[in-house]
>>> print(open('protein38.cif').read())   # mmCIF, C-alpha atoms and all ligand atoms
data_my_file
loop_
_atom_site.label_atom_id
_atom_site.label_comp_id
_atom_site.auth_asym_id
_atom_site.auth_seq_id
_atom_site.Cartn_x
_atom_site.Cartn_y
_atom_site.Cartn_z
CA MET A 1 -8.54 -1.07 29.42
CA GLU A 2 -12.09 -2.38 29.54
CA LEU A 3 -12.45 -5.86 28.06
CA THR A 4 -15.74 -7.62 27.28
CA PRO A 5 -16.42 -11.03 28.85
CA GLY A 6 -15.65 -12.54 25.42
CA ASP A 7 -12.26 -10.73 25.31
CA GLU A 8 -11.52 -11.99 28.83
CA ARG A 9 -12.28 -15.57 27.84
CA ILE A 10 -9.88 -15.37 24.88
CA LEU A 11 -7.27 -13.88 27.23
CA ALA A 12 -7.80 -16.79 29.61
CA GLY A 13 -6.94 -19.21 26.80
CA GLU A 14 -10.46 -20.58 26.20
CA SER A 15 -10.02 -20.18 22.42
CA GLY A 16 -6.58 -21.76 22.33
CA GLU A 17 -3.02 -20.70 22.96
CA THR A 18 -2.50 -18.78 19.70
CA ARG A 19 -5.58 -16.58 20.21
CA ARG A 20 -4.56 -16.06 23.83
CA GLN A 21 -1.16 -14.79 22.70
CA MET A 22 -2.74 -12.62 20.02
CA MET A 23 -5.19 -11.10 22.53
CA GLU A 24 -2.30 -10.46 24.90
CA LEU A 25 -0.47 -8.61 22.11
CA LEU A 26 -3.55 -6.48 21.29
CA VAL A 27 -4.18 -5.62 24.94
CA ALA A 28 -0.52 -4.70 25.47
CA LEU A 29 -0.62 -2.45 22.40
CA GLY A 30 -3.87 -0.89 23.59
CA LYS A 31 -2.34 -0.11 26.98
CA VAL A 32 0.74 1.49 25.43
CA PHE A 33 -1.42 3.76 23.26
CA GLY A 34 -4.08 4.51 25.87
CA ALA A 35 -6.97 2.60 24.24
CA GLU A 36 -10.04 2.27 26.45
CA ARG A 37 -11.34 -0.84 24.66
CA LEU A 38 -11.01 -3.07 21.63
CA VAL A 39 -13.17 -2.42 18.58
CA ALA A 40 -14.51 -5.04 16.15
CA ILE A 41 -12.93 -4.84 12.68
CA LYS A 42 -14.40 -5.56 9.25
CA SER A 43 -11.17 -6.76 7.64
CA ALA A 44 -7.41 -7.10 8.06
CA GLN A 45 -4.49 -6.68 5.69
CA VAL A 46 -1.32 -8.34 6.89
CA SER A 47 2.17 -7.16 5.94
CA GLY A 48 5.43 -9.02 6.44
CA ALA A 49 4.56 -11.55 3.78
CA SER A 50 7.64 -11.29 1.56
CA TYR A 51 10.43 -13.66 2.52
CA LYS A 52 12.74 -10.77 1.58
CA THR A 53 11.41 -8.81 4.57
CA ILE A 54 10.53 -11.45 7.22
CA GLY A 55 13.29 -14.02 6.59
CA LYS A 56 13.88 -17.27 8.47
CA TYR A 57 12.88 -16.07 11.94
CA GLY A 58 9.60 -14.54 10.78
CA LEU A 59 8.75 -17.84 9.09
CA GLU A 60 9.53 -19.80 12.28
CA TRP A 61 7.22 -17.51 14.27
CA LEU A 62 4.38 -17.94 11.77
CA ASP A 63 4.82 -21.71 11.72
CA GLN A 64 4.08 -22.17 15.40
CA LEU A 65 0.76 -20.27 15.30
CA ASP A 66 -2.45 -22.29 15.27
CA ALA A 67 -5.74 -20.43 14.71
CA LYS A 68 -7.92 -19.21 11.83
CA ALA A 69 -8.78 -15.65 10.85
CA VAL A 70 -12.29 -14.66 11.94
CA VAL A 71 -12.64 -11.68 9.56
CA PRO A 72 -11.76 -11.38 5.84
CA ALA A 73 -7.99 -10.95 5.70
CA VAL A 74 -5.53 -10.61 2.83
CA LEU A 75 -1.76 -10.38 2.55
CA ASN A 76 0.56 -7.64 1.49
CA PRO A 77 2.64 -8.25 -1.69
CA ILE A 78 5.18 -11.07 -1.46
CA GLY A 79 8.53 -11.47 -3.18
CA MET A 80 7.26 -13.16 -6.36
CA PRO A 81 4.21 -13.80 -8.55
CA ARG A 82 2.99 -17.15 -7.23
CA GLY A 83 2.24 -18.75 -10.59
CA ARG A 84 4.99 -17.09 -12.65
CA TRP A 85 8.04 -16.85 -10.43
CA ARG A 86 10.29 -18.84 -12.79
CA GLU A 87 9.37 -16.57 -15.68
CA MET A 88 10.18 -13.51 -13.53
CA GLY A 89 13.61 -14.98 -12.81
CA VAL A 90 13.15 -15.56 -9.07
CA ASP A 91 15.84 -17.70 -7.44
CA PRO A 92 14.39 -21.21 -6.70
CA GLU A 93 15.74 -21.17 -3.14
CA PHE A 94 13.94 -17.86 -2.46
CA ALA A 95 10.78 -19.24 -4.11
CA LYS A 96 10.88 -22.32 -1.88
CA ASN A 97 11.04 -20.18 1.26
CA GLN A 98 8.39 -17.80 -0.05
CA GLU A 99 6.05 -20.78 -0.66
CA LEU A 100 6.55 -21.80 2.98
CA VAL A 101 5.55 -18.32 4.17
CA ILE A 102 2.45 -18.44 1.95
CA ALA A 103 1.53 -21.89 3.24
CA ALA A 104 1.84 -20.67 6.83
CA PHE A 105 -0.53 -17.76 6.16
CA GLU A 106 -2.96 -20.02 4.30
CA ARG A 107 -3.09 -22.33 7.32
CA LEU A 108 -4.05 -19.27 9.40
CA GLY A 109 -7.02 -18.59 7.11
CA ILE A 110 -5.52 -15.53 5.40
CA ARG A 111 -6.65 -15.23 1.76
CA LEU A 112 -3.75 -15.57 -0.63
CA GLU A 113 -4.52 -12.33 -2.40
CA CYS A 114 -1.22 -10.53 -1.96
CA THR A 115 -1.83 -6.88 -2.60
CA CYS A 116 -1.48 -3.37 -1.26
CA THR A 117 -4.83 -2.46 -2.90
CA PRO A 118 -7.34 -4.72 -1.09
CA TYR A 119 -9.97 -2.02 -1.64
CA TYR A 120 -10.32 -3.05 -5.31
CA LEU A 121 -11.34 -6.56 -4.22
CA ALA A 122 -13.85 -5.95 -1.43
CA ALA A 123 -15.42 -2.60 -0.67
CA SER A 124 -14.95 -0.99 2.74
CA LYS A 125 -17.36 1.72 3.86
CA PRO A 126 -16.83 5.10 5.55
CA GLY A 127 -16.60 4.57 9.29
CA ASP A 128 -15.62 0.87 9.04
CA HIS A 129 -12.93 -0.11 11.53
CA LEU A 130 -10.08 -2.04 9.88
CA ALA A 131 -6.66 -3.39 10.83
CA TRP A 132 -4.53 -2.84 7.74
CA SER A 133 -0.78 -2.63 7.73
CA GLU A 134 0.62 -1.60 4.36
CA SER A 135 1.18 2.14 4.58
CA SER A 136 -0.38 3.12 1.24
CA ALA A 137 -3.43 0.93 1.85
CA VAL A 138 -3.82 2.50 5.30
CA CYS A 139 -3.61 5.99 3.80
CA TYR A 140 -6.19 5.12 1.12
CA ALA A 141 -8.58 3.48 3.60
CA ASN A 142 -8.52 6.47 5.95
CA SER A 143 -8.38 9.29 3.43
CA VAL A 144 -10.20 8.17 0.29
CA ILE A 145 -12.70 5.69 1.74
CA GLY A 146 -13.18 7.37 5.13
CA ALA A 147 -12.70 4.05 6.94
CA ARG A 148 -10.64 3.92 10.13
CA THR A 149 -7.36 2.11 10.63
CA ASN A 150 -4.08 2.73 12.33
CA ARG A 151 -0.93 1.68 10.51
CA GLU A 152 -0.61 -1.80 11.97
CA GLY A 153 2.58 -3.80 12.11
CA GLY A 154 2.49 -7.27 10.54
CA PRO A 155 2.05 -9.08 13.91
CA SER A 156 -0.68 -6.72 15.19
CA ALA A 157 -2.65 -6.96 11.92
CA LEU A 158 -2.37 -10.74 12.08
CA ALA A 159 -3.47 -10.70 15.73
CA ALA A 160 -6.47 -8.56 14.76
CA ALA A 161 -7.35 -11.00 11.95
CA LEU A 162 -7.25 -13.97 14.34
CA VAL A 163 -9.21 -12.21 17.10
CA GLY A 164 -11.50 -9.97 14.99
CA LYS A 165 -10.71 -6.83 17.00
CA THR A 166 -8.09 -4.11 17.32
CA PRO A 167 -7.30 -1.60 20.10
CA CYS A 168 -9.47 1.51 19.72
CA TYR A 169 -7.00 4.41 19.70
CA GLY A 170 -5.39 6.79 17.20
CA LEU A 171 -7.22 7.04 13.89
CA HIS A 172 -10.12 4.90 15.12
CA LEU A 173 -11.27 7.96 17.09
CA ALA A 174 -12.89 10.93 15.32
CA ARG A 175 -11.05 13.44 17.51
CA ASN A 176 -7.68 12.23 16.16
CA ARG A 177 -8.66 12.64 12.53
CA ARG A 178 -8.68 16.45 12.40
CA PRO A 179 -6.25 18.26 10.06
CA GLN A 180 -3.01 19.43 11.65
CA VAL A 181 -1.32 21.35 8.84
CA HIS A 182 -2.63 23.16 5.76
CA VAL A 183 -0.87 22.50 2.43
CA HIS A 184 -1.82 24.86 -0.37
CA VAL A 185 -0.75 23.67 -3.82
CA GLU A 186 -0.21 26.20 -6.59
CA GLY A 187 -0.41 25.36 -10.29
CA MET A 188 -1.86 21.84 -9.98
CA GLY A 189 -5.57 22.63 -9.93
CA GLY A 190 -6.25 21.93 -13.59
CA ALA A 191 -7.49 18.71 -15.14
CA GLY A 192 -5.20 16.38 -17.05
CA LEU A 193 -2.28 16.23 -14.65
CA SER A 194 -0.82 12.72 -14.51
CA ILE A 195 -0.86 10.22 -11.67
CA ALA A 196 2.93 10.62 -11.54
CA HIS A 197 2.53 14.35 -10.82
CA PHE A 198 0.34 13.56 -7.84
CA GLY A 199 2.81 10.86 -6.73
CA ALA A 200 5.56 13.47 -6.95
CA LEU A 201 3.40 15.92 -4.98
CA GLY A 202 2.97 13.29 -2.27
CA TYR A 203 6.73 12.58 -2.32
CA HIS A 204 7.48 16.27 -1.76
CA ALA A 205 4.63 16.97 0.69
CA GLY A 206 5.42 13.92 2.84
CA LYS A 207 8.85 15.38 3.59
CA LEU A 208 7.29 18.68 4.61
CA VAL A 209 4.46 17.42 6.82
CA GLY A 210 6.16 14.43 8.50
CA ASN A 211 3.62 12.60 10.62
CA ARG A 212 0.97 15.34 10.72
CA ILE A 213 -2.46 15.11 9.07
CA PRO A 214 -2.37 17.47 6.08
CA TYR A 215 -5.35 19.38 4.70
CA PHE A 216 -4.81 20.15 1.01
CA THR A 217 -6.32 22.97 -0.97
CA GLY A 218 -5.77 23.91 -4.62
CA ILE A 219 -6.08 20.40 -6.10
CA ARG A 220 -8.94 18.12 -7.20
CA PRO A 221 -7.42 14.65 -7.67
CA ASP A 222 -9.49 11.58 -8.62
CA PRO A 223 -9.13 8.32 -6.63
CA ASP A 224 -6.11 7.04 -8.66
CA ARG A 225 -4.30 10.33 -8.05
CA LEU A 226 -5.28 10.35 -4.36
CA LYS A 227 -3.88 6.82 -4.13
CA ALA A 228 -0.56 7.93 -5.63
CA MET A 229 -0.35 11.00 -3.37
CA GLY A 230 -1.13 9.10 -0.18
CA ALA A 231 1.28 6.24 -0.94
CA ALA A 232 4.13 8.69 -1.47
CA MET A 233 3.31 10.76 1.64
CA ALA A 234 3.29 7.57 3.70
CA ALA A 235 6.74 6.76 2.30
CA THR A 236 8.59 10.07 2.64
CA GLY A 237 6.63 11.15 5.73
CA ALA A 238 4.52 9.04 8.04
CA VAL A 239 1.13 10.18 6.77
CA ALA A 240 -1.71 7.74 7.45
CA LEU A 241 -4.57 10.17 6.77
CA PHE A 242 -4.88 13.30 4.64
CA HIS A 243 -7.77 15.47 3.57
CA VAL A 244 -8.34 17.31 0.30
CA GLU A 245 -10.84 20.12 0.48
CA GLY A 246 -13.98 19.37 -1.52
CA VAL A 247 -12.72 15.89 -2.47
CA THR A 248 -12.08 13.42 0.37
CA PRO A 249 -15.05 12.21 2.45
CA GLU A 250 -14.10 14.00 5.66
CA ALA A 251 -13.37 17.29 3.89
CA VAL A 252 -16.28 17.53 1.49
CA ARG A 253 -17.13 20.93 2.99
CA PRO A 254 -14.31 23.42 3.66
CA ASP A 255 -13.06 22.98 7.22
CA PRO A 256 -12.97 26.35 9.03
CA ALA A 257 -10.41 24.92 11.48
CA ALA A 258 -7.95 24.55 8.59
CA SER A 259 -7.60 28.33 8.29
CA GLY A 260 -6.03 28.45 11.76
CA LEU A 261 -3.30 25.95 10.91
CA GLU A 262 0.27 26.50 9.77
CA THR A 263 0.15 26.82 5.97
CA ILE A 264 2.79 25.34 3.71
CA THR A 265 2.73 26.38 0.06
CA VAL A 266 3.90 23.93 -2.59
CA THR A 267 4.44 25.12 -6.15
CA ARG A 268 4.25 23.29 -9.46
CA GLU A 269 7.91 24.14 -10.09
CA GLU A 270 8.95 22.22 -6.96
CA ILE A 271 7.09 19.17 -8.27
CA ASP A 272 8.42 19.44 -11.83
CA ARG A 273 12.01 19.44 -10.53
CA LEU A 274 11.56 15.81 -9.39
CA PHE A 275 11.17 14.67 -13.02
CA THR A 276 14.66 13.90 -14.37
CA ASP A 277 15.90 12.19 -17.53
CA ILE A 278 18.57 9.81 -16.20
CA PRO A 279 19.02 6.70 -18.39
CA VAL A 280 17.23 3.60 -17.06
CA ASP A 281 17.46 -0.12 -17.78
CA ALA A 282 13.93 -1.13 -16.66
CA VAL A 283 10.48 0.34 -16.13
CA ALA A 284 8.18 -0.68 -13.28
CA VAL A 285 4.67 0.67 -12.74
CA GLY A 286 1.87 -0.31 -10.39
CA CYS A 287 2.99 1.09 -7.04
CA PRO A 288 0.48 0.91 -5.40
CA HIS A 289 -0.94 -1.98 -7.45
CA CYS A 290 -2.79 -0.78 -10.58
CA SER A 291 -6.49 -0.01 -10.62
CA PRO A 292 -8.61 -1.28 -13.54
CA SER A 293 -8.46 2.18 -15.14
CA GLU A 294 -4.68 2.36 -14.81
CA LEU A 295 -4.37 -1.05 -16.52
CA ALA A 296 -6.65 0.17 -19.31
CA GLY A 297 -4.55 3.33 -19.72
CA ILE A 298 -1.29 1.35 -19.93
CA ALA A 299 -2.86 -1.01 -22.47
CA ASP A 300 -3.91 1.94 -24.66
CA LEU A 301 -0.39 3.34 -24.62
CA LEU A 302 1.34 0.01 -25.32
CA ASP A 303 -1.12 -1.23 -27.94
CA GLY A 304 0.79 -2.20 -31.11
CA LYS A 305 4.22 -1.34 -29.66
CA ARG A 306 7.17 -3.49 -28.52
CA VAL A 307 9.16 -2.76 -25.38
CA LYS A 308 12.95 -2.77 -25.72
CA ILE A 309 13.78 -2.92 -22.01
CA PRO A 310 12.06 -4.93 -19.24
CA PHE A 311 8.69 -3.35 -18.44
CA TYR A 312 6.90 -4.56 -15.32
CA VAL A 313 3.30 -3.82 -14.39
CA PHE A 314 2.03 -4.84 -10.94
CA ALA A 315 -1.59 -5.40 -9.93
CA SER A 316 -3.59 -7.69 -7.68
CA GLN A 317 -4.65 -11.07 -9.06
CA GLY A 318 -8.30 -10.08 -8.68
CA VAL A 319 -7.84 -6.94 -10.80
CA ILE A 320 -5.81 -8.89 -13.40
CA ASP A 321 -8.51 -11.57 -13.64
CA ARG A 322 -11.23 -8.99 -14.20
CA ASN A 323 -9.24 -7.07 -16.84
CA ARG A 324 -7.87 -9.85 -19.05
CA THR A 325 -8.26 -7.89 -22.31
CA ALA A 326 -6.09 -5.01 -21.11
CA VAL A 327 -3.56 -7.45 -19.65
CA ALA A 328 -3.34 -9.34 -22.98
CA VAL A 329 -2.69 -6.08 -24.88
CA ILE A 330 0.03 -5.07 -22.40
CA GLU A 331 1.72 -8.47 -22.58
CA ARG A 332 1.63 -8.52 -26.41
CA SER A 333 4.08 -5.61 -26.25
CA GLY A 334 6.55 -7.75 -24.28
CA ALA A 335 5.74 -6.03 -20.98
CA ARG A 336 4.73 -8.32 -18.12
CA VAL A 337 1.80 -7.93 -15.73
CA TYR A 338 2.55 -9.67 -12.46
CA ALA A 339 0.33 -10.28 -9.47
CA ASP A 340 1.26 -10.83 -5.82
CA THR A 341 4.49 -8.83 -5.86
CA CYS A 342 5.99 -5.45 -6.71
CA MET A 343 9.17 -3.63 -7.66
CA VAL A 344 10.07 -3.02 -4.01
CA VAL A 345 9.46 -6.38 -2.34
CA SER A 346 10.70 -8.64 -5.15
CA PRO A 347 14.42 -9.47 -5.09
CA VAL A 348 14.37 -9.64 -8.92
CA MET A 349 14.48 -5.87 -9.23
CA GLU A 350 17.91 -5.76 -7.57
CA ARG A 351 19.50 -6.71 -10.92
CA TYR A 352 18.85 -3.27 -12.46
CA LYS A 353 20.99 -0.14 -12.21
CA ALA A 354 18.22 2.44 -12.69
CA ILE A 355 14.46 1.93 -12.75
CA MET A 356 11.84 4.29 -14.15
CA VAL A 357 8.58 4.44 -12.20
CA ASN A 358 5.42 6.55 -12.28
CA SER A 359 5.06 6.46 -8.49
CA GLY A 360 6.28 8.82 -5.78
CA LYS A 361 6.44 5.94 -3.33
CA ALA A 362 8.58 3.80 -5.65
CA LEU A 363 10.76 6.86 -6.35
CA ALA A 364 11.49 6.95 -2.61
CA TYR A 365 11.87 3.21 -1.96
CA VAL A 366 13.65 1.80 -5.02
CA PRO A 367 17.12 3.19 -4.12
CA ASN A 368 17.15 1.61 -0.65
CA MET A 369 15.17 -1.55 -1.30
CA CYS A 370 16.55 -2.44 -4.76
CA GLY A 371 19.93 -0.69 -4.71
CA ALA A 372 19.03 1.04 -8.00
CA LEU A 373 18.61 4.67 -9.01
CA SER A 374 14.99 5.70 -9.47
CA ARG A 375 13.44 8.12 -11.94
CA ILE A 376 9.84 9.28 -11.97
CA GLY A 377 7.92 9.97 -15.16
CA THR A 378 4.35 9.90 -16.42
CA ILE A 379 3.07 6.58 -17.70
CA GLY A 380 3.30 8.09 -21.20
CA ASP A 381 6.99 8.87 -20.62
CA CYS A 382 7.56 5.36 -19.21
CA VAL A 383 6.15 3.83 -22.41
CA LYS A 384 8.17 6.21 -24.58
CA VAL A 385 11.42 5.37 -22.78
CA ALA A 386 10.74 1.64 -23.03
CA THR A 387 9.66 1.55 -26.66
CA GLU A 388 11.76 4.14 -28.53
FE1 LIG B 401 2.40 -1.64 -3.00
FE2 LIG B 401 4.86 -2.44 -3.30
FE3 LIG B 401 4.25 0.04 -3.78
S1 LIG B 401 3.53 -2.96 -1.65
S2 LIG B 401 2.56 0.49 -2.43
S3 LIG B 401 3.49 -1.73 -4.91
S4 LIG B 401 6.03 -0.67 -2.71
#
>>> encode(input="protein38.cif", output="structure tokens")
Amino acid sequence: MELTPGDERILAGESGETRRQMMELLVALGKVFGAERLVAIKSAQVSGASYKTIGKYGLEWLDQLDAKAVVPAVLNPIGMPRGRWREMGVDPEFAKNQELVIAAFERLGIRLECTCTPYYLAASKPGDHLAWSESSAVCYANSVIGARTNREGGPSALAAALVGKTPCYGLHLARNRRPQVHVHVEGMGGAGLSIAHFGALGYHAGKLVGNRIPYFTGIRPDPDRLKAMGAAMAATGAVALFHVEGVTPEAVRPDPAASGLETITVTREEIDRLFTDIPVDAVAVGCPHCSPSELAGIADLLDGKRVKIPFYVFASQGVIDRNRTAVAVIERSGARVYADTCMVVSPVMERYKAIMVNSGKALAYVPNMCGALSRIGTIGDCVKVATE
């Protein structure tokens, strides 16, 4: 691997022991994956921030690091809303440990914006190199924005934040971004299909394509629907990049190469079968964290109503702060809009038996991560179930 003189100096320890270790980690990763060099990144998004996932040993590792991020860097969702953890019913012992994790990241210069949707806070551009680690954020960055990031682990994203570079392999290279399988969707080309339908499509398609790069035809989703699709495909498969013909930036024009690929056909009936009517004792939406337009849509549906079961909405603090009117309407119904956390990483959700979501990713993760049954429905159905 070819390193610049600056890289070599960091590796020799001239910028301190922590950066030396971080550079060592990046170089080792680069060698494993055949990178020829490191590439400068515009931003990092660091996972492994919930005490529920990193635990005592992860915290000890973070505590002994001593350097500051050199590029804008944010955190993935943590186990609780920082300002409202008591209200959410988080155990004080968990909260104490979670605060320690947060303090450790703050010391490292990571912004305490804990979200899987960093793209609503600071814009990335097509072609930007990034080191993001949350799978849905990675899928959105690559597919919807046209930026370039591999799916980093927590330590490698943190290393990239502290060094400002990442190994240049995988999805950083144009040649690795070509479609590998064609997915034709029947019966979902019309307007008006819900975000949940596209989440369910991603849930189903992820199982079919595995870790290949799919090229979709037959659909025209908007960014919120692309977000839902990608998040779910990253959860049930290992998709970090997908293309939609005529929609996503690297597939604006039909790709002739796609016609030579294996074609998988997905029908509307297959998607509809994922929508069940099992009874639930809570509703949780905002996986990935809500966009401003999703918050506005939820507010419209809940306006003037009262929820009869717990109703959680998750969004980044930045999006909440900029959409206070919608948030106030949602909370007047008794629903709660929480920042920093989500239905999968918060231990609070483990108290429910069955949770209704409008997300294909949450449909996949809730059973394992929360020990609850999961049911997918449109946001309209979620409001109906919670209020009637
Ligand atoms: Fe985000 Fe949590 Fe879903 S991290 S993508 S809201 S599981």
>>> atom_distance(input="protein38.cif", atom1="atom CA of A:Gly380", atom2="atom CA of A:Arg84")
26.6 Å
>>> closest_residue(input="protein38.cif", among="A:Gly154, A:Gly334, A:Gly48, A:Gly286", to="ligand LIG 401 (chain B)", atoms="all atoms listed in the file")
A:Gly286
>>> closest_residue(input="protein38.cif", among="A:Leu274, A:Ala386, A:Val266, A:Leu25", to="A:Ala200", atoms="only C-alpha atoms")
A:Leu274
>>> residues_near_point(input="protein38.cif", point="(0.6, -9.6, 8.7)", cutoff="12 Å", atoms="only C-alpha atoms", output="VMD selection string")
chain A and resid 44 to 50 53 to 54 58 to 59 61 to 62 69 73 to 78 101 to 102 104 to 106 108 to 112 114 to 116 131 to 134 151 to 162
>>> closest_residue(input="protein38.cif", among="A:Ile278, A:Leu65, A:Met23, A:Ala35", to="A:Lys353", atoms="all atoms listed in the file")
A:Ile278
>>> residues_around(input="protein38.cif", residues="A:Ala40", least_positions_apart="4", cutoff="7 Å", atoms="only C-alpha atoms", output="list in words")
His129, Gly164, Lys165 and Thr166 of chain A
>>> residues_near_ligand(input="protein38.cif", ligand="ligand LIG 401 (chain B)", cutoff="6 Å", atoms="all atoms listed in the file", output="VMD selection string")
chain A and resid 77 116 136 286 to 289 342 344 362
>>> residues_around(input="protein38.cif", residues="A:Gly199", least_positions_apart="4", cutoff="10 Å", atoms="only C-alpha atoms", output="ChimeraX atom specification")
/A:194-195,203-205,224-233,271,287,358-363,376-378
>>> atom_distance(input="protein38.cif", atom1="atom CA of A:Val181", atom2="atom CA of A:Tyr169")
20.9 Å
>>> residues_around(input="protein38.cif", residues="stretch 218-223 of chain A", least_positions_apart="2", cutoff="9 Å", atoms="all atoms listed in the file", output="list in words")
Tyr140, Val144, Val183, His184, Val185, Glu186, Gly187, Met188, Gly189, Gly190, Ala191, Leu193, Ile195, Phe198, Phe216, Arg225, Leu226, Lys227, Ala228, Val244, Glu245, Gly246 and Val247 of chain A
>>> closest_residue(input="protein38.cif", among="A:Thr248, A:Asn97, A:Thr117, A:Thr236", to="A:Asn142", atoms="only C-alpha atoms")
A:Thr248
